[in-house]
file entry.pdb (PDB, C-alpha atoms)
ATOM      1  CA  MET R   1     -81.001 179.378   1.076
ATOM      2  CA  ALA R   2     -83.640 178.414   3.635
ATOM      3  CA  ASN R   3     -84.915 182.002   3.789
ATOM      4  CA  SER R   4     -85.184 182.092  -0.001
ATOM      5  CA  LEU R   5     -87.207 178.877  -0.061
ATOM      6  CA  LEU R   6     -89.454 180.197   2.716
ATOM      7  CA  LYS R   7     -90.136 183.417   0.814
ATOM      8  CA  THR R   8     -90.946 181.404  -2.316
ATOM      9  CA  SER R   9     -93.371 179.212  -0.394
ATOM     10  CA  VAL R  10     -95.068 182.189   1.261
ATOM     11  CA  ARG R  11     -95.496 184.156  -1.982
ATOM     12  CA  THR R  12     -96.844 181.137  -3.859
ATOM     13  CA  ASN R  13     -99.244 180.246  -1.051
ATOM     14  CA  LEU R  14    -100.501 183.829  -0.913
ATOM     15  CA  LEU R  15    -101.295 183.722  -4.611
ATOM     16  CA  HIS R  16    -103.200 180.452  -4.164
ATOM     17  CA  GLN R  17    -105.442 181.903  -1.460
ATOM     18  CA  THR R  18    -108.423 184.106  -2.136
ATOM     19  CA  GLY R  19    -109.456 187.068  -0.051
ATOM     20  CA  LEU R  20    -105.931 188.305   0.640
ATOM     21  CA  SER R  21    -105.105 191.962   0.152
ATOM     22  CA  LEU R  22    -101.992 193.994  -0.542
ATOM     23  CA  TYR R  23    -102.345 196.296   2.452
ATOM     24  CA  SER R  24    -103.063 195.660   6.108
ATOM     25  CA  ILE R  25    -102.562 197.365   9.463
ATOM     26  CA  SER R  26     -98.819 196.782   9.121
ATOM     27  CA  HIS R  27     -98.918 199.232   6.176
ATOM     28  CA  GLY R  28    -100.902 201.793   8.146
ATOM     29  CA  PHE R  29    -104.131 200.743   6.422
ATOM     30  CA  HIS R  30    -107.229 200.602   8.619
ATOM     31  CA  GLU R  31    -109.949 199.150   6.414
ATOM     32  CA  GLU R  32    -112.880 199.628   8.780
ATOM     33  CA  GLU R  33    -112.103 203.326   9.155
ATOM     34  CA  VAL R  34    -112.023 203.752   5.378
ATOM     35  CA  LYS R  35    -115.308 201.884   5.043
ATOM     36  CA  LYS R  36    -116.990 204.184   7.566
ATOM     37  CA  LYS R  37    -115.924 207.218   5.569
ATOM     38  CA  LEU R  38    -117.068 205.723   2.255
ATOM     39  CA  HIS R  39    -120.486 204.897   3.729
ATOM     40  CA  GLN R  40    -121.062 208.639   4.043
ATOM     41  CA  PHE R  41    -121.290 209.007   0.256
ATOM     42  CA  PRO R  42    -124.316 207.111  -1.104
ATOM     43  CA  GLY R  43    -125.608 206.844  -4.649
ATOM     44  CA  GLY R  44    -125.722 204.282  -7.406
ATOM     45  CA  SER R  45    -124.993 200.591  -7.160
ATOM     46  CA  VAL R  46    -122.722 197.842  -8.458
ATOM     47  CA  ASP R  47    -124.873 194.994  -9.747
ATOM     48  CA  LEU R  48    -123.860 191.413 -10.470
ATOM     49  CA  GLN R  49    -125.731 188.961 -12.663
ATOM     50  CA  LYS R  50    -124.413 185.386 -12.770
ATOM     51  CA  GLU R  51    -125.494 183.403 -15.814
ATOM     52  CA  ASP R  52    -125.897 179.618 -15.978
ATOM     53  CA  ASN R  53    -123.199 179.454 -18.670
ATOM     54  CA  GLY R  54    -120.593 180.618 -16.157
ATOM     55  CA  ILE R  55    -120.362 184.194 -17.436
ATOM     56  CA  GLY R  56    -121.081 186.998 -14.988
ATOM     57  CA  ILE R  57    -122.061 190.573 -15.847
ATOM     58  CA  LEU R  58    -120.880 193.272 -13.448
ATOM     59  CA  THR R  59    -122.669 196.587 -14.030
ATOM     60  CA  LEU R  60    -121.703 200.007 -12.688
ATOM     61  CA  ASN R  61    -125.064 201.641 -12.175
ATOM     62  CA  ASN R  62    -125.053 205.380 -11.447
ATOM     63  CA  PRO R  63    -126.174 206.826 -14.784
ATOM     64  CA  SER R  64    -127.089 210.302 -13.497
ATOM     65  CA  LYS R  65    -123.359 210.804 -12.827
ATOM     66  CA  MET R  66    -122.003 208.840 -15.805
ATOM     67  CA  ASN R  67    -121.602 205.820 -13.498
ATOM     68  CA  ALA R  68    -119.117 207.631 -11.268
ATOM     69  CA  PHE R  69    -118.110 205.660  -8.184
ATOM     70  CA  SER R  70    -119.787 206.891  -5.036
ATOM     71  CA  GLY R  71    -118.308 205.761  -1.724
ATOM     72  CA  VAL R  72    -121.041 203.145  -1.368
ATOM     73  CA  MET R  73    -120.300 201.831  -4.873
ATOM     74  CA  MET R  74    -116.651 201.361  -3.920
ATOM     75  CA  LEU R  75    -117.798 199.282  -0.955
ATOM     76  CA  GLN R  76    -120.200 197.324  -3.161
ATOM     77  CA  LEU R  77    -117.444 196.617  -5.672
ATOM     78  CA  LEU R  78    -115.467 194.913  -2.913
ATOM     79  CA  ASP R  79    -118.574 192.938  -1.910
ATOM     80  CA  LYS R  80    -119.053 191.763  -5.508
ATOM     81  CA  VAL R  81    -115.396 190.750  -5.800
ATOM     82  CA  ILE R  82    -115.783 188.649  -2.656
ATOM     83  CA  GLU R  83    -118.939 187.083  -4.118
ATOM     84  CA  LEU R  84    -117.064 186.284  -7.339
ATOM     85  CA  GLU R  85    -114.181 184.755  -5.380
ATOM     86  CA  ASN R  86    -116.700 182.251  -4.037
ATOM     87  CA  TRP R  87    -118.492 181.577  -7.359
ATOM     88  CA  THR R  88    -116.986 178.179  -8.106
ATOM     89  CA  GLU R  89    -119.053 177.685 -11.276
ATOM     90  CA  GLY R  90    -117.843 180.957 -12.798
ATOM     91  CA  LYS R  91    -115.555 181.088 -15.838
ATOM     92  CA  GLY R  92    -115.853 184.592 -17.285
ATOM     93  CA  LEU R  93    -116.895 188.119 -16.401
ATOM     94  CA  ILE R  94    -117.986 191.182 -18.373
ATOM     95  CA  VAL R  95    -117.640 194.589 -16.700
ATOM     96  CA  ARG R  96    -119.829 197.347 -18.108
ATOM     97  CA  GLY R  97    -121.614 200.566 -17.251
ATOM     98  CA  ALA R  98    -125.349 201.250 -17.271
ATOM     99  CA  LYS R  99    -127.024 203.376 -19.944
ATOM    100  CA  ASN R 100    -124.345 202.931 -22.578
ATOM    101  CA  THR R 101    -121.401 204.547 -20.802
ATOM    102  CA  PHE R 102    -118.653 202.922 -18.746
ATOM    103  CA  SER R 103    -117.629 205.161 -15.846
ATOM    104  CA  SER R 104    -116.414 208.704 -15.226
ATOM    105  CA  GLY R 105    -114.309 207.657 -12.237
ATOM    106  CA  SER R 106    -114.808 208.863  -8.666
ATOM    107  CA  ASP R 107    -117.802 210.910  -7.568
ATOM    108  CA  LEU R 108    -116.423 214.401  -6.911
ATOM    109  CA  ASN R 109    -118.495 214.733  -3.729
ATOM    110  CA  ALA R 110    -116.398 211.999  -2.146
ATOM    111  CA  VAL R 111    -113.184 213.363  -3.616
ATOM    112  CA  LYS R 112    -113.799 216.838  -2.157
ATOM    113  CA  ALA R 113    -114.574 215.442   1.289
ATOM    114  CA  LEU R 114    -111.511 213.153   1.365
ATOM    115  CA  ALA R 115    -109.150 216.077   0.909
ATOM    116  CA  THR R 116    -106.054 215.266   2.968
ATOM    117  CA  PRO R 117    -103.051 213.286   1.671
ATOM    118  CA  GLU R 118    -103.808 210.687   4.353
ATOM    119  CA  ASP R 119    -107.369 210.310   3.067
ATOM    120  CA  GLY R 120    -106.123 209.977  -0.505
ATOM    121  CA  MET R 121    -103.583 207.303   0.372
ATOM    122  CA  ALA R 122    -106.127 205.365   2.436
ATOM    123  CA  LEU R 123    -108.576 205.397  -0.469
ATOM    124  CA  SER R 124    -105.764 204.352  -2.802
ATOM    125  CA  MET R 125    -104.947 201.356  -0.599
ATOM    126  CA  PHE R 126    -108.613 200.388  -0.373
ATOM    127  CA  MET R 127    -109.117 200.441  -4.152
ATOM    128  CA  GLN R 128    -105.759 198.798  -4.878
ATOM    129  CA  ASN R 129    -106.735 195.996  -2.504
ATOM    130  CA  THR R 130    -110.079 195.582  -4.242
ATOM    131  CA  LEU R 131    -108.760 195.676  -7.799
ATOM    132  CA  THR R 132    -105.810 193.395  -7.050
ATOM    133  CA  ARG R 133    -108.256 190.823  -5.732
ATOM    134  CA  PHE R 134    -110.311 191.453  -8.852
ATOM    135  CA  THR R 135    -107.364 190.790 -11.195
ATOM    136  CA  ARG R 136    -106.602 187.563  -9.331
ATOM    137  CA  LEU R 137    -110.104 186.179  -9.778
ATOM    138  CA  PRO R 138    -109.983 182.775 -11.522
ATOM    139  CA  LEU R 139    -112.316 184.211 -14.163
ATOM    140  CA  ILE R 140    -111.430 185.546 -17.610
ATOM    141  CA  SER R 141    -112.585 189.152 -17.495
ATOM    142  CA  VAL R 142    -113.310 191.703 -20.202
ATOM    143  CA  ALA R 143    -114.223 195.374 -19.904
ATOM    144  CA  LEU R 144    -116.987 196.380 -22.296
ATOM    145  CA  ILE R 145    -116.245 200.068 -22.891
ATOM    146  CA  GLN R 146    -119.289 201.930 -24.109
ATOM    147  CA  GLY R 147    -119.319 205.717 -24.049
ATOM    148  CA  ARG R 148    -116.564 207.094 -21.845
ATOM    149  CA  ALA R 149    -114.146 205.486 -19.388
ATOM    150  CA  LEU R 150    -112.494 208.366 -17.528
ATOM    151  CA  GLY R 151    -110.136 208.606 -14.570
ATOM    152  CA  GLY R 152    -110.891 205.774 -12.162
ATOM    153  CA  GLY R 153    -113.130 204.278 -14.829
ATOM    154  CA  ALA R 154    -110.116 204.028 -17.132
ATOM    155  CA  GLU R 155    -108.135 202.458 -14.290
ATOM    156  CA  LEU R 156    -110.836 199.837 -13.776
ATOM    157  CA  THR R 157    -110.562 198.762 -17.423
ATOM    158  CA  THR R 158    -106.882 197.930 -16.847
ATOM    159  CA  ALA R 159    -107.827 195.497 -14.078
ATOM    160  CA  CYS R 160    -109.631 193.327 -16.637
ATOM    161  CA  ASP R 161    -107.815 190.698 -18.687
ATOM    162  CA  PHE R 162    -109.171 192.160 -21.935
ATOM    163  CA  ARG R 163    -110.890 195.291 -23.189
ATOM    164  CA  LEU R 164    -113.458 195.747 -25.975
ATOM    165  CA  MET R 165    -114.672 199.130 -27.217
ATOM    166  CA  THR R 166    -117.714 200.244 -29.129
ATOM    167  CA  PRO R 167    -116.994 202.472 -32.176
ATOM    168  CA  GLU R 168    -117.775 205.826 -30.516
ATOM    169  CA  SER R 169    -116.306 205.063 -27.097
ATOM    170  CA  GLU R 170    -113.334 206.716 -25.425
ATOM    171  CA  ILE R 171    -110.751 205.947 -22.733
ATOM    172  CA  ARG R 172    -109.004 208.824 -21.012
ATOM    173  CA  PHE R 173    -106.765 208.973 -17.958
ATOM    174  CA  VAL R 174    -107.611 212.512 -16.849
ATOM    175  CA  HIS R 175    -105.694 212.393 -13.571
ATOM    176  CA  LYS R 176    -103.051 214.963 -14.582
ATOM    177  CA  GLU R 177    -105.770 217.519 -15.216
ATOM    178  CA  MET R 178    -107.042 216.901 -11.683
ATOM    179  CA  GLY R 179    -103.568 217.524 -10.269
ATOM    180  CA  ILE R 180    -102.974 213.895  -9.253
ATOM    181  CA  ILE R 181    -101.799 210.576 -10.678
ATOM    182  CA  PRO R 182    -103.678 207.280 -11.046
ATOM    183  CA  SER R 183    -103.977 205.670  -7.626
ATOM    184  CA  TRP R 184    -106.056 202.523  -8.058
ATOM    185  CA  GLY R 185    -103.151 200.650  -9.656
ATOM    186  CA  GLY R 186    -103.853 202.068 -13.099
ATOM    187  CA  THR R 187    -100.317 203.213 -13.882
ATOM    188  CA  THR R 188     -98.731 199.882 -13.001
ATOM    189  CA  ARG R 189    -101.242 197.880 -14.998
ATOM    190  CA  LEU R 190    -101.185 200.296 -17.956
ATOM    191  CA  VAL R 191     -97.396 199.910 -18.258
ATOM    192  CA  GLU R 192     -97.883 196.152 -18.326
ATOM    193  CA  ILE R 193    -100.544 196.421 -21.050
ATOM    194  CA  ILE R 194     -99.003 198.925 -23.486
ATOM    195  CA  GLY R 195     -95.416 199.407 -22.279
ATOM    196  CA  SER R 196     -93.776 202.276 -20.413
ATOM    197  CA  ARG R 197     -93.267 204.612 -23.388
ATOM    198  CA  GLN R 198     -96.870 204.483 -24.550
ATOM    199  CA  ALA R 199     -98.127 204.630 -20.959
ATOM    200  CA  LEU R 200     -96.130 207.788 -20.334
ATOM    201  CA  LYS R 201     -97.639 209.403 -23.427
ATOM    202  CA  VAL R 202    -101.172 208.385 -22.490
ATOM    203  CA  LEU R 203    -100.854 209.586 -18.884
ATOM    204  CA  SER R 204     -98.784 212.757 -19.316
ATOM    205  CA  GLY R 205    -100.800 213.867 -22.321
ATOM    206  CA  ALA R 206    -104.154 212.901 -20.760
ATOM    207  CA  LEU R 207    -104.768 211.564 -24.254
ATOM    208  CA  LYS R 208    -108.249 210.843 -25.530
ATOM    209  CA  LEU R 209    -108.062 207.272 -26.774
ATOM    210  CA  ASN R 210    -110.837 206.685 -29.271
ATOM    211  CA  SER R 211    -111.484 203.104 -30.269
ATOM    212  CA  GLN R 212    -109.116 203.056 -33.255
ATOM    213  CA  ARG R 213    -106.252 204.713 -31.410
ATOM    214  CA  ALA R 214    -106.693 202.392 -28.435
ATOM    215  CA  LEU R 215    -106.644 199.427 -30.808
ATOM    216  CA  SER R 216    -103.491 200.637 -32.550
ATOM    217  CA  ILE R 217    -101.468 200.879 -29.303
ATOM    218  CA  GLY R 218    -102.674 197.538 -27.956
ATOM    219  CA  MET R 219    -104.961 198.933 -25.281
ATOM    220  CA  VAL R 220    -107.961 196.950 -26.524
ATOM    221  CA  GLU R 221    -108.474 193.643 -28.299
ATOM    222  CA  GLU R 222    -111.197 194.621 -30.729
ATOM    223  CA  VAL R 223    -113.611 197.349 -31.726
ATOM    224  CA  LEU R 224    -117.131 195.974 -31.740
ATOM    225  CA  GLN R 225    -119.553 196.499 -34.609
ATOM    226  CA  SER R 226    -122.397 198.089 -32.682
ATOM    227  CA  SER R 227    -122.661 201.027 -30.297
ATOM    228  CA  ASP R 228    -126.123 199.938 -29.173
ATOM    229  CA  GLU R 229    -126.140 199.001 -25.488
ATOM    230  CA  THR R 230    -127.890 195.655 -25.904
ATOM    231  CA  LYS R 231    -126.211 194.589 -29.146
ATOM    232  CA  SER R 232    -122.718 195.452 -27.940
ATOM    233  CA  LEU R 233    -123.274 193.395 -24.788
ATOM    234  CA  GLU R 234    -124.329 190.463 -26.960
ATOM    235  CA  GLU R 235    -121.185 190.918 -29.062
ATOM    236  CA  ALA R 236    -119.025 190.966 -25.930
ATOM    237  CA  GLN R 237    -120.666 187.794 -24.655
ATOM    238  CA  GLU R 238    -120.006 186.007 -27.945
ATOM    239  CA  TRP R 239    -116.402 187.239 -27.967
ATOM    240  CA  LEU R 240    -115.791 185.987 -24.436
ATOM    241  CA  LYS R 241    -117.393 182.580 -25.039
ATOM    242  CA  GLN R 242    -114.514 181.502 -27.279
ATOM    243  CA  PHE R 243    -112.178 181.703 -24.259
ATOM    244  CA  VAL R 244    -114.439 180.204 -21.601
ATOM    245  CA  ASN R 245    -115.728 177.277 -23.626
ATOM    246  CA  GLY R 246    -114.901 174.204 -21.578
ATOM    247  CA  PRO R 247    -115.041 172.870 -18.006
ATOM    248  CA  SER R 248    -114.971 175.585 -15.360
ATOM    249  CA  LYS R 249    -112.265 173.767 -13.383
ATOM    250  CA  VAL R 250    -109.888 173.852 -16.346
ATOM    251  CA  ILE R 251    -110.637 177.487 -17.288
ATOM    252  CA  ARG R 252    -110.192 178.647 -13.705
ATOM    253  CA  THR R 253    -106.940 176.715 -13.305
ATOM    254  CA  LEU R 254    -105.588 178.187 -16.546
ATOM    255  CA  LYS R 255    -106.315 181.704 -15.272
ATOM    256  CA  LYS R 256    -104.592 180.968 -11.971
ATOM    257  CA  SER R 257    -101.547 179.689 -13.842
ATOM    258  CA  VAL R 258    -101.352 182.826 -15.990
ATOM    259  CA  ILE R 259    -101.644 185.052 -12.908
ATOM    260  CA  SER R 260     -98.775 183.216 -11.226
ATOM    261  CA  GLY R 261     -96.691 183.582 -14.378
ATOM    262  CA  LYS R 262     -97.336 187.312 -14.270
ATOM    263  CA  GLU R 263     -96.805 187.930 -10.568
ATOM    264  CA  LEU R 264     -94.170 185.410  -9.505
ATOM    265  CA  CYS R 265     -90.541 184.957 -10.490
ATOM    266  CA  MET R 266     -89.703 182.176 -12.952
ATOM    267  CA  GLU R 267     -88.914 179.454 -10.399
ATOM    268  CA  GLU R 268     -91.970 180.214  -8.291
ATOM    269  CA  ALA R 269     -94.253 180.342 -11.327
ATOM    270  CA  LEU R 270     -92.953 177.009 -12.641
ATOM    271  CA  GLN R 271     -93.506 175.351  -9.271
ATOM    272  CA  ASN R 272     -96.981 176.825  -9.072
ATOM    273  CA  GLU R 273     -97.739 175.574 -12.595
ATOM    274  CA  ARG R 274     -96.715 172.086 -11.481
ATOM    275  CA  ASP R 275     -98.955 172.260  -8.410
ATOM    276  CA  LEU R 276    -101.906 173.543 -10.429
ATOM    277  CA  LEU R 277    -101.462 170.733 -12.922
ATOM    278  CA  GLY R 278    -101.939 168.305 -10.061
ATOM    279  CA  THR R 279    -105.444 169.684  -9.509
ATOM    280  CA  VAL R 280    -106.627 168.791 -13.036
ATOM    281  CA  TRP R 281    -104.424 165.867 -14.179
ATOM    282  CA  GLY R 282    -106.496 162.708 -13.950
ATOM    283  CA  GLY R 283    -109.589 164.762 -13.233
ATOM    284  CA  PRO R 284    -112.984 164.322 -14.919
ATOM    285  CA  ALA R 285    -112.248 166.683 -17.834
ATOM    286  CA  ASN R 286    -108.852 165.084 -18.463
ATOM    287  CA  LEU R 287    -110.189 161.532 -18.401
ATOM    288  CA  GLU R 288    -113.127 162.441 -20.630
ATOM    289  CA  ALA R 289    -110.815 164.095 -23.163
ATOM    290  CA  ILE R 290    -108.509 161.059 -23.218
ATOM    291  CA  ALA R 291    -111.451 158.740 -23.798
ATOM    292  CA  ARG R 292    -112.800 160.982 -26.539
ATOM    293  CA  LYS R 293    -109.402 161.149 -28.225
ATOM    294  CA  GLY R 294    -109.209 157.377 -28.180
ATOM    295  CA  LYS R 295    -112.515 157.202 -30.021
ATOM    296  CA  PHE R 296    -111.229 159.662 -32.627
ATOM    297  CA  ASN R 297    -108.204 157.469 -33.297
ATOM    298  CA  LYS R 298    -110.254 154.369 -34.032
TER     299      LYS R 298
END
call {"tool": "encode", "arguments": {"input": "entry.pdb", "output": "structure tokens"}}
result
Amino acid sequence: MANSLLKTSVRTNLLHQTGLSLYSISHGFHEEEVKKKLHQFPGGSVDLQKEDNGIGILTLNNPSKMNAFSGVMMLQLLDKVIELENWTEGKGLIVRGAKNTFSSGSDLNAVKALATPEDGMALSMFMQNTLTRFTRLPLISVALIQGRALGGGAELTTACDFRLMTPESEIRFVHKEMGIIPSWGGTTRLVEIIGSRQALKVLSGALKLNSQRALSIGMVEEVLQSSDETKSLEEAQEWLKQFVNGPSKVIRTLKKSVISGKELCMEEALQNERDLLGTVWGGPANLEAIARKGKFNK
């Protein structure tokens, strides 16, 4: 009984803390060694713009290679996640690619150089660490899929809370055709999003999901009206605003509560919900809402 309670406490506390990763030295993961290898593959950038309204825009910027992730971009993605973990005013995040396409996955130069199974597993652990921290951000995130999201790019879309597509865009998990499987957590998250049967079809068939097909299987929330880079970003911002309208403390606490409901067992999630409530009950937003409601009733 005591061991069970201890495990519950540890798991819940881990979820509360930021900056914690899935893998460590105890799993055979040596982060600094992986970082040194990734530094050898430059190109592109991951850019973050934080707006005053609490919405951030994360841009994958390597257009000459369809925004493929170089090793340096993988390192920068981790840096941006850490920056977002510390952005206390943030409420929402849009992830997009530069020049009207999302991302074609990993840069093949890095893939060819990291050729051993050990290299592949180390890279997998690095990216799973990064994207798990990303999914746990207390921000409501949406992937704006313009153009093509392929391979690792498709996996990145699954790390977002929501996905929006432009009319001519496409999602495709091409891993089977490369002789591998998704390794950044894409399979696990895809099953959660569309179910195991649909996920198996999408992955084993390396299916090209155009916007309408993706919408029909529940992969995306909506198909936007415009395919124009600027207009579709504006549409995505307006779409996201409906969910982040309100005090940042409340929005962030709601996201934390949903994450605990997803990752913890029922008892742990309920206890975490109780604890999170204690951080907002009687707070400024709560008291203001009560006062406002009282005025409405007069």
call {"tool": "closest_atom_pairs", "arguments": {"input": "entry.pdb", "of": "region 97-140 of chain R", "to": "region 249-256 of chain R", "cutoff": "9 Å", "atoms": "only C-alpha atoms", "output": "JSON lines"}}
result
{"residue": "R:Arg136", "atom": "CA", "partner": "R:Lys256", "partner_atom": "CA", "distance": 7.4}
{"residue": "R:Leu137", "atom": "CA", "partner": "R:Lys256", "partner_atom": "CA", "distance": 7.9}
{"residue": "R:Pro138", "atom": "CA", "partner": "R:Arg252", "partner_atom": "CA", "distance": 4.7}
{"residue": "R:Leu139", "atom": "CA", "partner": "R:Arg252", "partner_atom": "CA", "distance": 6.0}
{"residue": "R:Ile140", "atom": "CA", "partner": "R:Lys255", "partner_atom": "CA", "distance": 6.8}
call {"tool": "atom_distance", "arguments": {"input": "entry.pdb", "atom1": "CA of Glu89 (chain R)", "atom2": "CA of Ala291 (chain R)"}}
result
23.9 Å
call {"tool": "residues_around", "arguments": {"input": "entry.pdb", "residues": "region 210-221 of chain R", "least_positions_apart": "2", "cutoff": "7 Å", "atoms": "all atoms listed in the file", "output": "ChimeraX atom specification"}}
result
/R:162-171,193-194,208,223
call {"tool": "resolve_selection", "arguments": {"input": "entry.pdb", "expression": "the PyMOL selection byres ((chain R and resi 79) around 12)", "output": "VMD selection string"}}
result
chain R and resid 19 35 45 to 48 58 72 to 78 80 to 86 130 to 131 133 to 134
call {"tool": "residues_around", "arguments": {"input": "entry.pdb", "residues": "Ile57 (chain R)", "least_positions_apart": "4", "cutoff": "8 Å", "atoms": "only C-alpha atoms", "output": "NGL selection string"}}
result
:R and (48-51 or 93-96)
call {"tool": "closest_residue", "arguments": {"input": "entry.pdb", "among": "R:Ala159, R:Ile55, R:Ala68, R:Leu22", "to": "Ala110 (chain R)", "atoms": "only C-alpha atoms"}}
result
R:Ala68
call {"tool": "resolve_selection", "arguments": {"input": "entry.pdb", "expression": "the PyMOL selection byres ((chain R and resi 233) around 10)", "output": "NGL selection string"}}
result
:R and (57 or 94-96 or 100 or 144-146 or 166 or 224 or 226-232 or 234-239)
call {"tool": "build_atoms", "arguments": {"input": "entry.pdb", "residues": "region 22-45 of chain R", "atoms": "N, CA and C atoms", "output": "mmCIF file, in the frame of the given file"}}
result
data_model
loop_
_atom_site.group_PDB
_atom_site.id
_atom_site.type_symbol
_atom_site.label_atom_id
_atom_site.label_comp_id
_atom_site.auth_asym_id
_atom_site.auth_seq_id
_atom_site.Cartn_x
_atom_site.Cartn_y
_atom_site.Cartn_z
ATOM 1 N N LEU R 22 -103.344 193.440 -0.541
ATOM 2 C CA LEU R 22 -101.992 193.994 -0.542
ATOM 3 C C LEU R 22 -101.658 194.678 0.773
ATOM 4 N N TYR R 23 -102.615 195.442 1.310
ATOM 5 C CA TYR R 23 -102.345 196.296 2.452
ATOM 6 C C TYR R 23 -103.103 195.827 3.690
ATOM 7 N N SER R 24 -102.463 196.019 4.828
ATOM 8 C CA SER R 24 -103.063 195.660 6.108
ATOM 9 C C SER R 24 -102.648 196.707 7.139
ATOM 10 N N ILE R 25 -102.919 196.428 8.395
ATOM 11 C CA ILE R 25 -102.562 197.365 9.463
ATOM 12 C C ILE R 25 -101.064 197.621 9.482
ATOM 13 N N SER R 26 -100.274 196.616 9.117
ATOM 14 C CA SER R 26 -98.819 196.782 9.121
ATOM 15 C C SER R 26 -98.357 197.854 8.133
ATOM 16 N N HIS R 27 -99.218 198.177 7.143
ATOM 17 C CA HIS R 27 -98.918 199.232 6.176
ATOM 18 C C HIS R 27 -99.586 200.559 6.561
ATOM 19 N N GLY R 28 -100.187 200.589 7.734
ATOM 20 C CA GLY R 28 -100.902 201.793 8.146
ATOM 21 C C GLY R 28 -102.294 201.886 7.547
ATOM 22 N N PHE R 29 -102.810 200.753 7.052
ATOM 23 C CA PHE R 29 -104.131 200.743 6.422
ATOM 24 C C PHE R 29 -105.154 200.201 7.402
ATOM 25 N N HIS R 30 -106.170 200.999 7.689
ATOM 26 C CA HIS R 30 -107.229 200.602 8.619
ATOM 27 C C HIS R 30 -108.533 200.524 7.828
ATOM 28 N N GLU R 31 -108.846 199.339 7.355
ATOM 29 C CA GLU R 31 -109.949 199.150 6.414
ATOM 30 C C GLU R 31 -111.285 199.603 6.975
ATOM 31 N N GLU R 32 -111.573 199.287 8.221
ATOM 32 C CA GLU R 32 -112.880 199.628 8.780
ATOM 33 C C GLU R 32 -113.065 201.141 8.863
ATOM 34 N N GLU R 33 -111.999 201.868 9.124
ATOM 35 C CA GLU R 33 -112.103 203.326 9.155
ATOM 36 C C GLU R 33 -112.413 203.884 7.769
ATOM 37 N N VAL R 34 -111.761 203.315 6.751
ATOM 38 C CA VAL R 34 -112.023 203.752 5.378
ATOM 39 C C VAL R 34 -113.463 203.442 4.998
ATOM 40 N N LYS R 35 -113.936 202.272 5.368
ATOM 41 C CA LYS R 35 -115.308 201.884 5.043
ATOM 42 C C LYS R 35 -116.322 202.838 5.667
ATOM 43 N N LYS R 36 -116.073 203.246 6.902
ATOM 44 C CA LYS R 36 -116.990 204.184 7.566
ATOM 45 C C LYS R 36 -117.064 205.499 6.801
ATOM 46 N N LYS R 37 -115.929 205.965 6.327
ATOM 47 C CA LYS R 37 -115.924 207.218 5.569
ATOM 48 C C LYS R 37 -116.659 207.056 4.240
ATOM 49 N N LEU R 38 -116.433 205.942 3.555
ATOM 50 C CA LEU R 38 -117.068 205.723 2.255
ATOM 51 C C LEU R 38 -118.577 205.575 2.387
ATOM 52 N N HIS R 39 -119.034 205.042 3.498
ATOM 53 C CA HIS R 39 -120.486 204.897 3.729
ATOM 54 C C HIS R 39 -121.194 206.248 3.746
ATOM 55 N N GLN R 40 -120.456 207.312 3.961
ATOM 56 C CA GLN R 40 -121.062 208.639 4.043
ATOM 57 C C GLN R 40 -121.444 209.194 2.670
ATOM 58 N N PHE R 41 -121.051 208.503 1.611
ATOM 59 C CA PHE R 41 -121.290 209.007 0.256
ATOM 60 C C PHE R 41 -122.109 207.988 -0.542
ATOM 61 N N PRO R 42 -123.437 208.066 -0.422
ATOM 62 C CA PRO R 42 -124.316 207.111 -1.104
ATOM 63 C C PRO R 42 -124.522 207.476 -2.569
ATOM 64 N N GLY R 43 -125.246 206.598 -3.253
ATOM 65 C CA GLY R 43 -125.608 206.844 -4.649
ATOM 66 C C GLY R 43 -125.161 205.717 -5.546
ATOM 67 N N GLY R 44 -126.051 205.310 -6.435
ATOM 68 C CA GLY R 44 -125.722 204.282 -7.406
ATOM 69 C C GLY R 44 -125.580 202.905 -6.785
ATOM 70 N N SER R 45 -125.180 201.963 -7.622
ATOM 71 C CA SER R 45 -124.993 200.591 -7.160
ATOM 72 C C SER R 45 -124.048 199.857 -8.111
#
